[in-house]
Every structure is written in structure tokens, then in C-alpha cells.
>>> print(open('structure_7.pdb').read())   # PDB, C-alpha atoms and all ligand atoms
ATOM      1  CA  MET A   1     -11.427 -40.446  17.600
ATOM      2  CA  ASN A   2     -12.962 -43.206  15.492
ATOM      3  CA  ALA A   3     -11.922 -44.101  11.971
ATOM      4  CA  PHE A   4     -14.562 -41.838  10.441
ATOM      5  CA  GLN A   5     -13.499 -38.874  12.612
ATOM      6  CA  LEU A   6      -9.865 -39.592  11.845
ATOM      7  CA  GLY A   7     -10.642 -39.618   8.126
ATOM      8  CA  LEU A   8     -12.503 -36.343   8.455
ATOM      9  CA  PHE A   9      -9.652 -34.844  10.472
ATOM     10  CA  LEU A  10      -7.112 -35.871   7.849
ATOM     11  CA  ILE A  11      -9.218 -34.372   5.060
ATOM     12  CA  VAL A  12      -9.609 -31.096   6.971
ATOM     13  CA  ALA A  13      -5.944 -31.067   7.993
ATOM     14  CA  ALA A  14      -4.867 -31.669   4.400
ATOM     15  CA  ALA A  15      -6.997 -28.765   3.215
ATOM     16  CA  ALA A  16      -5.989 -26.460   6.062
ATOM     17  CA  PRO A  17      -2.179 -26.113   6.109
ATOM     18  CA  PRO A  18      -1.862 -22.926   3.998
ATOM     19  CA  LEU A  19      -4.366 -21.089   6.199
ATOM     20  CA  LEU A  20      -2.906 -22.434   9.460
ATOM     21  CA  ALA A  21       0.596 -21.653   8.293
ATOM     22  CA  GLN A  22      -0.495 -18.097   7.535
ATOM     23  CA  GLN A  23      -2.209 -17.670  10.871
ATOM     24  CA  ASP A  24       0.535 -19.116  12.995
ATOM     25  CA  ASP A  25       3.740 -17.910  11.420
ATOM     26  CA  GLY A  26       3.949 -14.872  13.709
ATOM     27  CA  LYS A  27       4.588 -12.514  10.816
ATOM     28  CA  LEU A  28       2.846  -9.202  10.257
ATOM     29  CA  ARG A  29       0.093  -8.933   7.655
ATOM     30  CA  VAL A  30       0.169  -5.634   5.798
ATOM     31  CA  ILE A  31      -2.242  -4.374   3.134
ATOM     32  CA  ALA A  32      -2.112  -1.077   1.240
ATOM     33  CA  PHE A  33      -4.773   0.452  -1.000
ATOM     34  CA  GLY A  34      -4.027   2.841  -3.845
ATOM     35  CA  ALA A  35      -6.453   4.198  -6.425
ATOM     36  CA  HIS A  36      -4.306   3.206  -9.425
ATOM     37  CA  PRO A  37      -1.915   0.339 -10.201
ATOM     38  CA  ASP A  38       1.220   2.333  -9.300
ATOM     39  CA  ASP A  39       0.030   4.516  -6.398
ATOM     40  CA  CYS A  40       1.032   2.306  -3.453
ATOM     41  CA  ASP A  41       4.488   1.871  -4.969
ATOM     42  CA  SER A  42       5.491   5.517  -4.733
ATOM     43  CA  ARG A  43       4.105   5.959  -1.206
ATOM     44  CA  ALA A  44       4.958   2.665   0.457
ATOM     45  CA  GLY A  45       7.144   0.656  -1.959
ATOM     46  CA  GLY A  46      10.127   1.127   0.340
ATOM     47  CA  ILE A  47       8.564  -0.206   3.524
ATOM     48  CA  ALA A  48       6.831  -2.966   1.548
ATOM     49  CA  ALA A  49      10.261  -4.148   0.381
ATOM     50  CA  LYS A  50      11.543  -3.944   3.961
ATOM     51  CA  TYR A  51       8.607  -5.940   5.367
ATOM     52  CA  ALA A  52       8.949  -8.539   2.600
ATOM     53  CA  ALA A  53      12.694  -8.912   3.228
ATOM     54  CA  LEU A  54      11.881  -9.817   6.857
ATOM     55  CA  GLY A  55       9.330 -12.433   5.753
ATOM     56  CA  HIS A  56       6.215 -10.402   6.564
ATOM     57  CA  HIS A  57       3.170 -10.667   4.284
ATOM     58  CA  VAL A  58       2.433  -7.621   2.140
ATOM     59  CA  LYS A  59      -0.294  -6.997  -0.391
ATOM     60  CA  PHE A  60      -0.888  -3.929  -2.549
ATOM     61  CA  VAL A  61      -4.389  -3.402  -3.926
ATOM     62  CA  SER A  62      -5.276  -0.986  -6.709
ATOM     63  CA  VAL A  63      -8.934  -0.047  -6.274
ATOM     64  CA  THR A  64      -9.328   0.920  -9.943
ATOM     65  CA  ASN A  65      -7.984  -0.989 -12.937
ATOM     66  CA  GLY A  66      -6.189   2.053 -14.382
ATOM     67  CA  ASP A  67      -8.074   1.895 -17.688
ATOM     68  CA  ALA A  68      -7.986   5.697 -18.213
ATOM     69  CA  GLY A  69      -4.324   6.358 -17.479
ATOM     70  CA  HIS A  70      -2.788   6.744 -20.917
ATOM     71  CA  GLN A  71      -2.728   9.206 -23.817
ATOM     72  CA  SER A  72      -3.175   6.682 -26.652
ATOM     73  CA  GLU A  73      -4.422   3.454 -25.015
ATOM     74  CA  GLY A  74      -7.468   2.745 -22.892
ATOM     75  CA  GLY A  75     -10.229   0.397 -21.841
ATOM     76  CA  GLY A  76      -9.758  -3.325 -21.291
ATOM     77  CA  ALA A  77      -6.438  -3.491 -23.145
ATOM     78  CA  LEU A  78      -4.889  -0.822 -20.912
ATOM     79  CA  ALA A  79      -6.393  -2.386 -17.772
ATOM     80  CA  SER A  80      -4.844  -5.711 -18.757
ATOM     81  CA  ARG A  81      -1.460  -4.106 -19.470
ATOM     82  CA  ARG A  82      -1.467  -2.289 -16.122
ATOM     83  CA  ARG A  83      -2.534  -5.386 -14.195
ATOM     84  CA  LYS A  84       0.505  -7.209 -15.593
ATOM     85  CA  GLU A  85       2.784  -4.255 -14.787
ATOM     86  CA  ALA A  86       1.500  -4.205 -11.198
ATOM     87  CA  GLN A  87       2.015  -7.947 -10.792
ATOM     88  CA  GLU A  88       5.567  -7.597 -12.104
ATOM     89  CA  ALA A  89       6.185  -4.687  -9.710
ATOM     90  CA  GLY A  90       5.019  -6.856  -6.805
ATOM     91  CA  ARG A  91       7.115  -9.790  -7.978
ATOM     92  CA  ARG A  92      10.241  -7.624  -8.008
ATOM     93  CA  ILE A  93      10.022  -6.976  -4.250
ATOM     94  CA  GLY A  94       8.265 -10.186  -3.172
ATOM     95  CA  ILE A  95       4.727  -9.004  -2.437
ATOM     96  CA  GLU A  96       1.235  -9.669  -3.813
ATOM     97  CA  TYR A  97      -0.363  -7.065  -6.078
ATOM     98  CA  GLU A  98      -4.058  -7.165  -6.957
ATOM     99  CA  THR A  99      -5.962  -4.837  -9.277
ATOM    100  CA  LEU A 100      -9.721  -4.522  -8.709
ATOM    101  CA  ASP A 101     -12.001  -4.053 -11.711
ATOM    102  CA  ASN A 102     -13.419  -0.584 -11.034
ATOM    103  CA  HIS A 103     -13.082   2.033 -13.775
ATOM    104  CA  ASP A 104     -10.262   4.562 -13.526
ATOM    105  CA  GLY A 105     -11.375   8.170 -13.152
ATOM    106  CA  GLU A 106     -14.888   7.146 -12.111
ATOM    107  CA  LEU A 107     -14.411   5.817  -8.574
ATOM    108  CA  VAL A 108     -17.120   6.807  -6.091
ATOM    109  CA  PRO A 109     -17.413   5.754  -2.437
ATOM    110  CA  SER A 110     -20.290   3.347  -3.127
ATOM    111  CA  LEU A 111     -21.541   0.539  -0.916
ATOM    112  CA  ASP A 112     -20.375  -1.942  -3.558
ATOM    113  CA  VAL A 113     -16.752  -0.766  -3.491
ATOM    114  CA  ARG A 114     -16.839  -0.404   0.317
ATOM    115  CA  ARG A 115     -17.748  -4.089   0.488
ATOM    116  CA  GLN A 116     -14.868  -4.963  -1.865
ATOM    117  CA  ILE A 117     -12.453  -3.175   0.498
ATOM    118  CA  ILE A 118     -13.924  -4.770   3.635
ATOM    119  CA  ARG A 119     -13.503  -8.221   2.089
ATOM    120  CA  LYS A 120      -9.909  -7.545   0.995
ATOM    121  CA  ILE A 121      -8.890  -6.408   4.497
ATOM    122  CA  ARG A 122     -10.592  -9.429   6.084
ATOM    123  CA  GLU A 123      -9.246 -11.975   3.589
ATOM    124  CA  TRP A 124      -5.724 -10.678   4.208
ATOM    125  CA  ARG A 125      -6.409 -10.685   8.009
ATOM    126  CA  ALA A 126      -4.557  -7.403   8.103
ATOM    127  CA  ASP A 127      -2.688  -6.062  11.120
ATOM    128  CA  ILE A 128      -1.914  -2.792   9.321
ATOM    129  CA  VAL A 129      -3.787  -1.006   6.528
ATOM    130  CA  PHE A 130      -2.381   1.882   4.466
ATOM    131  CA  SER A 131      -4.339   4.270   2.222
ATOM    132  CA  PRO A 132      -4.287   7.826   0.858
ATOM    133  CA  ARG A 133      -5.798  10.614   2.945
ATOM    134  CA  PRO A 134      -9.268  11.683   1.783
ATOM    135  CA  ASN A 135      -8.047  15.163   0.782
ATOM    136  CA  ASP A 136      -6.121  14.764  -2.445
ATOM    137  CA  TYR A 137      -6.285  16.406  -5.868
ATOM    138  CA  HIS A 138      -7.443  13.267  -7.679
ATOM    139  CA  PRO A 139     -11.027  12.097  -7.053
ATOM    140  CA  ASP A 140      -9.977   8.424  -7.246
ATOM    141  CA  HIS A 141      -7.299   9.003  -4.581
ATOM    142  CA  ARG A 142      -9.745  10.980  -2.450
ATOM    143  CA  TYR A 143     -12.440   8.321  -2.587
ATOM    144  CA  THR A 144      -9.976   5.491  -1.984
ATOM    145  CA  GLY A 145      -9.200   7.334   1.271
ATOM    146  CA  VAL A 146     -12.913   7.602   2.076
ATOM    147  CA  LEU A 147     -13.585   3.960   1.175
ATOM    148  CA  VAL A 148     -10.834   2.685   3.479
ATOM    149  CA  GLN A 149     -12.092   4.980   6.272
ATOM    150  CA  ASP A 150     -15.590   3.576   5.701
ATOM    151  CA  ALA A 151     -14.200   0.044   6.113
ATOM    152  CA  ALA A 152     -12.109   0.899   9.182
ATOM    153  CA  TYR A 153     -14.781  -0.165  11.656
ATOM    154  CA  MET A 154     -16.988  -2.416   9.506
ATOM    155  CA  VAL A 155     -14.237  -5.033   9.134
ATOM    156  CA  VAL A 156     -15.045  -6.208  12.694
ATOM    157  CA  VAL A 157     -18.868  -6.256  12.277
ATOM    158  CA  PRO A 158     -19.925  -9.851  11.435
ATOM    159  CA  ASN A 159     -23.309  -8.905   9.968
ATOM    160  CA  ILE A 160     -21.611  -6.804   7.287
ATOM    161  CA  CYS A 161     -20.399  -8.969   4.351
ATOM    162  CA  PRO A 162     -21.183 -12.169   6.299
ATOM    163  CA  ASP A 163     -19.697 -14.255   3.461
ATOM    164  CA  THR A 164     -16.212 -13.208   4.624
ATOM    165  CA  PRO A 165     -15.433 -13.815   8.328
ATOM    166  CA  ALA A 166     -15.098 -10.579  10.295
ATOM    167  CA  LEU A 167     -11.815  -9.732  11.989
ATOM    168  CA  ARG A 168     -11.802 -10.122  15.771
ATOM    169  CA  ARG A 169      -9.345  -7.264  16.164
ATOM    170  CA  ASN A 170      -9.461  -3.997  14.263
ATOM    171  CA  PRO A 171      -6.245  -3.299  12.310
ATOM    172  CA  VAL A 172      -4.225  -0.117  12.719
ATOM    173  CA  PHE A 173      -4.849   2.265   9.802
ATOM    174  CA  PHE A 174      -2.235   4.663   8.431
ATOM    175  CA  TYR A 175      -2.297   7.300   5.679
ATOM    176  CA  PHE A 176       0.379   7.736   3.030
ATOM    177  CA  GLN A 177       2.344  10.971   2.984
ATOM    178  CA  ASP A 178       1.140  13.825   0.742
ATOM    179  CA  ASN A 179       1.682  17.575   0.432
ATOM    180  CA  PHE A 180      -1.908  18.808   0.578
ATOM    181  CA  GLN A 181      -2.484  21.557   3.141
ATOM    182  CA  ARG A 182      -6.275  21.855   3.349
ATOM    183  CA  PRO A 183      -8.234  21.226   5.455
ATOM    184  CA  ASN A 184      -5.177  20.028   7.384
ATOM    185  CA  PRO A 185      -1.617  19.114   6.398
ATOM    186  CA  PHE A 186      -0.223  15.578   6.619
ATOM    187  CA  ARG A 187       1.174  14.783  10.077
ATOM    188  CA  PRO A 188       4.104  12.326  10.060
ATOM    189  CA  ASP A 189       3.429  10.084  13.076
ATOM    190  CA  VAL A 190       5.795   7.380  11.877
ATOM    191  CA  ALA A 191       8.747   7.631   9.473
ATOM    192  CA  VAL A 192      10.893   4.794   8.169
ATOM    193  CA  GLY A 193      14.335   5.165   6.578
ATOM    194  CA  ILE A 194      14.441   3.399   3.199
ATOM    195  CA  ASP A 195      18.035   3.980   2.021
ATOM    196  CA  ASP A 196      18.618   0.209   2.012
ATOM    197  CA  VAL A 197      15.736  -0.421  -0.421
ATOM    198  CA  THR A 198      15.676   2.634  -2.715
ATOM    199  CA  GLU A 199      16.986   0.480  -5.560
ATOM    200  CA  LYS A 200      14.222  -2.105  -5.029
ATOM    201  CA  LYS A 201      11.631   0.664  -4.911
ATOM    202  CA  LEU A 202      12.979   2.102  -8.159
ATOM    203  CA  GLN A 203      12.850  -1.348  -9.784
ATOM    204  CA  MET A 204       9.238  -1.637  -8.669
ATOM    205  CA  GLN A 205       8.335   1.708 -10.250
ATOM    206  CA  ASP A 206      10.294   0.803 -13.400
ATOM    207  CA  ALA A 207       7.856  -2.102 -13.915
ATOM    208  CA  HIS A 208       5.056   0.428 -14.598
ATOM    209  CA  THR A 209       6.254   1.233 -18.113
ATOM    210  CA  SER A 210       2.899   2.651 -19.250
ATOM    211  CA  GLN A 211       3.032   5.202 -16.430
ATOM    212  CA  MET A 212       6.665   6.045 -15.673
ATOM    213  CA  TYR A 213       7.819   6.294 -19.310
ATOM    214  CA  GLU A 214       4.602   7.106 -21.184
ATOM    215  CA  TRP A 215       1.602   8.612 -19.378
ATOM    216  CA  LEU A 216       3.222  10.634 -16.550
ATOM    217  CA  PRO A 217       5.842  12.246 -18.864
ATOM    218  CA  TYR A 218       3.040  12.960 -21.357
ATOM    219  CA  VAL A 219       1.062  14.806 -18.652
ATOM    220  CA  ALA A 220       4.208  16.651 -17.515
ATOM    221  CA  GLY A 221       5.109  17.608 -21.110
ATOM    222  CA  THR A 222       8.444  15.755 -20.903
ATOM    223  CA  LEU A 223       7.703  12.773 -23.141
ATOM    224  CA  ASP A 224      10.414  13.811 -25.594
ATOM    225  CA  GLN A 225      13.016  13.614 -22.794
ATOM    226  CA  VAL A 226      12.405   9.922 -21.941
ATOM    227  CA  PRO A 227      15.397   7.841 -23.119
ATOM    228  CA  LYS A 228      14.620   4.828 -25.302
ATOM    229  CA  ASP A 229      17.340   2.593 -23.854
ATOM    230  CA  PRO A 230      16.049   0.684 -20.749
ATOM    231  CA  LYS A 231      19.189   1.406 -18.686
ATOM    232  CA  ALA A 232      19.196   5.085 -19.594
ATOM    233  CA  ARG A 233      15.513   5.503 -18.834
ATOM    234  CA  LEU A 234      15.969   3.820 -15.444
ATOM    235  CA  GLU A 235      18.615   6.454 -14.641
ATOM    236  CA  TRP A 236      16.214   9.127 -15.891
ATOM    237  CA  LEU A 237      13.551   7.715 -13.549
ATOM    238  CA  ARG A 238      16.016   7.664 -10.643
ATOM    239  CA  LYS A 239      16.727  11.393 -11.060
ATOM    240  CA  GLY A 240      13.041  12.274 -11.303
ATOM    241  CA  ARG A 241      12.018  10.200  -8.293
ATOM    242  CA  SER A 242      14.605  11.293  -5.729
ATOM    243  CA  ARG A 243      13.018  13.139  -2.791
ATOM    244  CA  THR A 244      14.510  15.076   0.091
ATOM    245  CA  VAL A 245      13.323  14.470   3.653
ATOM    246  CA  SER A 246      11.231  17.380   4.996
ATOM    247  CA  GLU A 247      11.959  18.976   8.376
ATOM    248  CA  ALA A 248       8.743  17.507   9.828
ATOM    249  CA  VAL A 249       9.735  13.998   8.704
ATOM    250  CA  GLN A 250      13.271  14.566  10.055
ATOM    251  CA  GLN A 251      11.780  15.274  13.475
ATOM    252  CA  THR A 252       9.719  12.082  13.333
ATOM    253  CA  LEU A 253      12.795  10.090  12.286
ATOM    254  CA  ARG A 254      14.584  11.443  15.376
ATOM    255  CA  LYS A 255      11.744  10.161  17.568
ATOM    256  CA  TRP A 256      11.976   6.596  16.225
ATOM    257  CA  TYR A 257      15.679   6.292  15.316
ATOM    258  CA  GLY A 258      17.349   8.581  17.870
ATOM    259  CA  ALA A 259      20.872   9.606  16.863
ATOM    260  CA  GLN A 260      20.786   7.346  13.776
ATOM    261  CA  ALA A 261      18.184   9.627  12.172
ATOM    262  CA  SER A 262      20.774  12.119  10.967
ATOM    263  CA  SER A 263      22.266   9.576   8.548
ATOM    264  CA  ILE A 264      18.927   8.785   6.821
ATOM    265  CA  ARG A 265      18.727  10.236   3.288
ATOM    266  CA  SER A 266      15.342   8.925   2.131
ATOM    267  CA  ALA A 267      12.244   7.993   4.112
ATOM    268  CA  GLU A 268       8.575   7.121   3.890
ATOM    269  CA  ALA A 269       6.233   8.688   6.443
ATOM    270  CA  PHE A 270       2.741   7.786   7.602
ATOM    271  CA  GLU A 271      -0.052   9.405   9.576
ATOM    272  CA  LEU A 272      -2.113   7.389  12.052
ATOM    273  CA  CYS A 273      -5.831   7.328  11.174
ATOM    274  CA  GLU A 274      -8.196   8.018  14.071
ATOM    275  CA  TYR A 275     -10.656   5.288  13.150
ATOM    276  CA  GLY A 276      -8.880   1.952  13.587
ATOM    277  CA  ARG A 277      -7.052   0.557  16.618
ATOM    278  CA  ARG A 278      -4.953   3.172  18.430
ATOM    279  CA  PRO A 279      -1.504   1.678  19.029
ATOM    280  CA  SER A 280       0.895   2.644  21.821
ATOM    281  CA  ASP A 281       4.473   3.565  20.860
ATOM    282  CA  ASP A 282       5.497   0.049  21.910
ATOM    283  CA  GLU A 283       2.995  -1.449  19.489
ATOM    284  CA  VAL A 284       4.104   0.912  16.713
ATOM    285  CA  ARG A 285       7.620  -0.504  17.201
ATOM    286  CA  LYS A 286       6.181  -4.009  16.688
ATOM    287  CA  LEU A 287       4.178  -2.942  13.631
ATOM    288  CA  PHE A 288       7.211  -1.206  12.102
ATOM    289  CA  PRO A 289      10.040  -3.608  13.065
ATOM    290  CA  PHE A 290      12.715  -1.395  11.536
ATOM    291  CA  PHE A 291      13.688   0.923  14.371
ATOM    292  CA  PRO A 292      16.782   0.499  16.563
ATOM    293  CA  ILE A 293      16.163  -1.000  20.027
ATOM    294  CA  GLN A 294      15.999   1.797  22.595
TER     295      GLN A 294
HETATM  296 ZN    ZN A 301      -3.132   7.589  -8.752
END
>>> encode(input="structure_7.pdb", output="C-alpha cells", more="lines below")
Ligand SMILES: [Zn+2]
Amino acid sequence: MNAFQLGLFLIVAAAAPPLLAQQDDGKLRVIAFGAHPDDCDSRAGGIAAKYAALGHHVKFVSVTNGDAGHQSEGGGALASRRRKEAQEAGRRIGIEYETLDNHDGELVPSLDVRRQIIRKIREWRADIVFSPRPNDYHPDHRYTGVLVQDAAYMVVVPNICPDTPALRRNPVFFYFQDNFQRPNPFRPDVAVGIDDVTEKKLQMQDAHTSQMYEWLPYVAGTLDQVPKDPKARLEWLRKGRSRTVSEAVQQTLRKWYGAQASSIRSAEAFELCEYGRRPSDDEVRKLFPFFPIQ
């Protein structure tokens, strides 16, 4: 190496550490897509907090900016408010939270938005991708599911979005849990106990003031029941957000936790998508490093 090459090497090395550190730290890289800037939180806030606590890299992406989700606010001002709420929610559990600038209530599975998703998955160099299933009551949720499915193979094709290097290995794609029955009900392939992080998850949801204490109670007709005091309304949120574990999820917990499953009170469950990499049970244990050694 001559002096010129050495100089060049030092310049490149100085610019490279963040990327190299990311690539070589041996931690998982997890990305989740929701349609709105609070969707990922309710479906995967618990495991996100668990991954983050173990030093893994987690990013939540809201595909729309949420600019329709309020009874008396809207447009750019609401989008800005919700972007800040999402960033605060992410900060509270130690993950990144990005809000894309697509209009709320108007999402369609266009080529433009597909490219946005492909780039986000590649830039994050994701090992695991989470999204809603494409059969959901809300068109934005439905099309977020379709958009992530549409990206599930294209992320490895170099000629697609050549400005962002393609992944060499397809991630594993999972769907969030939902209760929709048609055309087929959710199948819990993996379930993770989240009793240790329910408080963190609640704190994350509490950050979405415009939704938890304004818009969602307005839609439900319970706005007059929301306490004004921050502590009291957090308790109100806690009561409204508690969920029991279904029999199907209980069975899945038994598969992954064995005898310990019976003590789990709250869980998040996920269905494996057919389109990405198909992991063995051993790989699932590496991707979800929360299960007891068996
Ligand atoms: Zn939503």
C-alpha cells in the first residue's frame, strides 16, 4: 500500500465505521410496517421492546403519515403531530420510528409505494419483516399487507430500485395477529410471551396522544370517559388494552415455551408469510431469541 492508497484507505475507513459496525455486530435486524403511526405498536410493540433490550436493531415504519386520523385536526399539522408522537413512542423503547409521507386513508398498492417499501427493507438490511395480513377491514392496512408482499421477492432483485443495493438473502416475513376470518383466519406460527414488557408497550402506546386519548375514543363513542389527568388516563388505557391469550395462541406458546407456556398471561403472535425465506424451527429460535433452550 503506497501513501496515496493508505490515504484513500483511511478516508474510506473513517467514513465506513457506522456501516461496518452495523453489519458485523451479529445482532438481528428487524423492520415492521404498519399503515398508520401507531399500528406496529399494538401488534409488535412487545417483541420490539424485547429485541431492543437485547441490543437488536428494530425499526417501525408507518406507510402513511396519519393525516386523516382525527376528528378535529388534519392535513400537514396532524401528520407532523403524529410523526412526533411516533418518534417519541420509538424513543421510549429504544427503536427507530419512521413515518412515510403517503396520505392516510388513500393508500393504494402502487409501484411508487412498493419501491419505497423495497428501499426501506434493503436500507435496514432486514433479517425479519413484519406487516399486516392483506385481509383487514381498513384499506390502508390491507394495502400495506399487499405492498410488503409485493416487496417480499423484489428486495433481492438488483435491477429493481438499483439505487439501493439489493439484499443477497431474502428476509423472513411474518404477519401481525388479527381476528379476521375470511378468506382464512390468522394462523399463529410463532407466539412470544410479553409479560416482562407490557409496561413498556403501554408507555409506547401512551405516546400516541392524538390516537389513544382523542381519535380512537371519539370513534368508539367513549371520548367523555377519557380522564384528563395523565396518570389516570394511562390507567384507563391499561384497562382498555389488556388482551387475553386465545386457545390457538396458547397452543403455539406450548410449542415454543414447553411447560413455561402456562404461566404466560400476555403474548404477541405472528404468522409466517409464504413469500420470503422459509425458516426451519431452529432458525425461528434464532430469529426470536426469547424461547427457553430445549
Ligand atoms: Zn391503522
>>> axis_aligned_box(input="structure_7.pdb", around="range 268-283 of chain A", padding_each_side="3 Å", output="lines of an AutoDock Vina configuration file")
center_x = -1.0
center_y = 4.0
center_z = 12.9
size_x = 25.2
size_y = 16.9
size_z = 24.0
>>> closest_residue(input="structure_7.pdb", among="A:Asn135, A:Gln225, A:Gln211, A:Ser80", to="Asp39 in chain A", atoms="all atoms listed in the file")
A:Gln211
>>> residues_near_ligand(input="structure_7.pdb", ligand="ligand ZN 301 (chain A)", cutoff="12 Å", atoms="only C-alpha atoms and all ligand atoms", output="PyMOL selection string")
chain A and resi 33-43+62-69+104-105+107+131-132+136-145+211+215-216
>>> atom_distance(input="structure_7.pdb", atom1="CA of Ala151 in chain A", atom2="CA of Ile118 in chain A")
5.4 Å
>>> atom_distance(input="structure_7.pdb", atom1="CA of Gln177 in chain A", atom2="CA of Val113 in chain A")
23.3 Å
>>> resolve_selection(input="structure_7.pdb", expression="the PyMOL selection byres (((chain A and resi 122) around 12) and not hetatm)", output="PyMOL selection string")
chain A and resi 29-31+115-121+123-129+151-158+160-171
>>> closest_residue(input="structure_7.pdb", among="A:Gly221, A:Asp25, A:Ser210, A:Arg187", to="Phe270 in chain A", atoms="only C-alpha atoms")
A:Arg187
>>> closest_residue(input="structure_7.pdb", among="A:Leu234, A:Leu147, A:Phe290, A:Thr244", to="His208 in chain A", atoms="all atoms listed in the file")
A:Leu234
>>> residues_around(input="structure_7.pdb", residues="Glu268 in chain A", least_positions_apart="5", cutoff="8 Å", atoms="all atoms listed in the file", output="PDB file with C-alpha atoms, in the coordinates of the input")
ATOM      1  CA  ARG A  43       4.105   5.959  -1.206  1.00  0.00           C
ATOM      2  CA  ALA A  44       4.958   2.665   0.457  1.00  0.00           C
ATOM      3  CA  GLY A  46      10.127   1.127   0.340  1.00  0.00           C
ATOM      4  CA  ILE A  47       8.564  -0.206   3.524  1.00  0.00           C
ATOM      5  CA  GLN A 177       2.344  10.971   2.984  1.00  0.00           C
ATOM      6  CA  ALA A 191       8.747   7.631   9.473  1.00  0.00           C
ATOM      7  CA  VAL A 192      10.893   4.794   8.169  1.00  0.00           C
ATOM      8  CA  GLY A 193      14.335   5.165   6.578  1.00  0.00           C
ATOM      9  CA  ILE A 194      14.441   3.399   3.199  1.00  0.00           C
TER      10      ILE A 194
END
>>> resolve_selection(input="structure_7.pdb", expression="the PyMOL selection byres (((chain A and resi 286) around 12) and not hetatm)", output="list of chain:residue names")
A:Gly26, A:Lys27, A:Leu28, A:Arg29, A:Tyr51, A:His56, A:Asp127, A:Ile128, A:Val172, A:Pro279, A:Ser280, A:Asp281, A:Asp282, A:Glu283, A:Val284, A:Arg285, A:Leu287, A:Phe288, A:Pro289, A:Phe290, A:Phe291, A:Pro292, A:Ile293
>>> resolve_selection(input="structure_7.pdb", expression="the PyMOL selection byres (((chain A and resi 94) around 10) and not hetatm)", output="list in words")
Ala48, Ala49, Tyr51, Ala52, Ala53, Gly55, His56, His57, Val58, Lys59, Glu88, Ala89, Gly90, Arg91, Arg92, Ile93, Ile95, Glu96 and Tyr97 of chain A
>>> atom_distance(input="structure_7.pdb", atom1="CA of Glu271 in chain A", atom2="CA of Arg83 in chain A")
28.1 Å
>>> closest_residue(input="structure_7.pdb", among="A:Leu111, A:Met204, A:Ala261, A:Ala267", to="Arg238 in chain A", atoms="only C-alpha atoms")
A:Met204
>>> closest_residue(input="structure_7.pdb", among="A:Phe173, A:Ala32, A:Gln203, A:Ser262", to="Arg278 in chain A", atoms="all atoms listed in the file")
A:Phe173
>>> decode(input="structure_7.pdb", residues="range 84-99 of chain A", atoms="N, CA, C and O atoms", output="compact mmCIF listing (two decimals), in the first residue's frame")
# COMPACT_ATOMS: atom_id res chain seq x y z
N LYS A 84 -44.19 13.13 15.35
CA LYS A 84 -43.51 13.37 16.64
C LYS A 84 -43.96 12.33 17.68
O LYS A 84 -43.14 11.83 18.46
N GLU A 85 -45.24 12.02 17.70
CA GLU A 85 -45.74 11.00 18.64
C GLU A 85 -45.06 9.66 18.37
O GLU A 85 -44.66 8.95 19.30
N ALA A 86 -44.95 9.30 17.09
CA ALA A 86 -44.34 8.02 16.73
C ALA A 86 -42.86 7.99 17.14
O ALA A 86 -42.37 6.98 17.68
N GLN A 87 -42.17 9.10 16.90
CA GLN A 87 -40.75 9.15 17.28
C GLN A 87 -40.59 9.02 18.79
O GLN A 87 -39.69 8.34 19.28
N GLU A 88 -41.49 9.65 19.53
CA GLU A 88 -41.45 9.54 21.00
C GLU A 88 -41.75 8.10 21.43
O GLU A 88 -41.10 7.56 22.34
N ALA A 89 -42.72 7.47 20.77
CA ALA A 89 -43.05 6.07 21.08
C ALA A 89 -41.82 5.19 20.87
O ALA A 89 -41.49 4.34 21.71
N GLY A 90 -41.13 5.39 19.76
CA GLY A 90 -39.92 4.61 19.48
C GLY A 90 -38.83 4.87 20.51
O GLY A 90 -38.18 3.94 20.99
N ARG A 91 -38.68 6.15 20.87
CA ARG A 91 -37.65 6.52 21.85
C ARG A 91 -37.90 5.81 23.18
O ARG A 91 -36.96 5.37 23.84
N ARG A 92 -39.17 5.67 23.55
CA ARG A 92 -39.48 5.08 24.86
C ARG A 92 -39.06 3.62 24.98
O ARG A 92 -38.87 3.12 26.09
N ILE A 93 -38.95 2.91 23.84
CA ILE A 93 -38.50 1.51 23.95
C ILE A 93 -37.15 1.27 23.25
O ILE A 93 -36.68 0.14 23.17
N GLY A 94 -36.56 2.34 22.70
CA GLY A 94 -35.22 2.21 22.13
C GLY A 94 -35.19 1.68 20.71
O GLY A 94 -34.28 0.91 20.35
N ILE A 95 -36.17 2.09 19.89
CA ILE A 95 -36.15 1.68 18.48
C ILE A 95 -36.31 2.91 17.59
O ILE A 95 -36.69 3.98 18.05
N GLU A 96 -36.05 2.73 16.29
CA GLU A 96 -36.29 3.80 15.32
C GLU A 96 -37.74 3.77 14.87
O GLU A 96 -38.34 2.70 14.79
N TYR A 97 -38.29 4.95 14.56
CA TYR A 97 -39.68 5.00 14.07
C TYR A 97 -39.73 6.02 12.95
O TYR A 97 -39.45 7.20 13.17
N GLU A 98 -40.06 5.56 11.75
CA GLU A 98 -40.13 6.48 10.60
C GLU A 98 -41.56 6.52 10.04
O GLU A 98 -42.23 5.49 9.96
N THR A 99 -41.98 7.71 9.66
CA THR A 99 -43.31 7.89 9.07
C THR A 99 -43.13 8.34 7.62
O THR A 99 -42.52 9.38 7.37
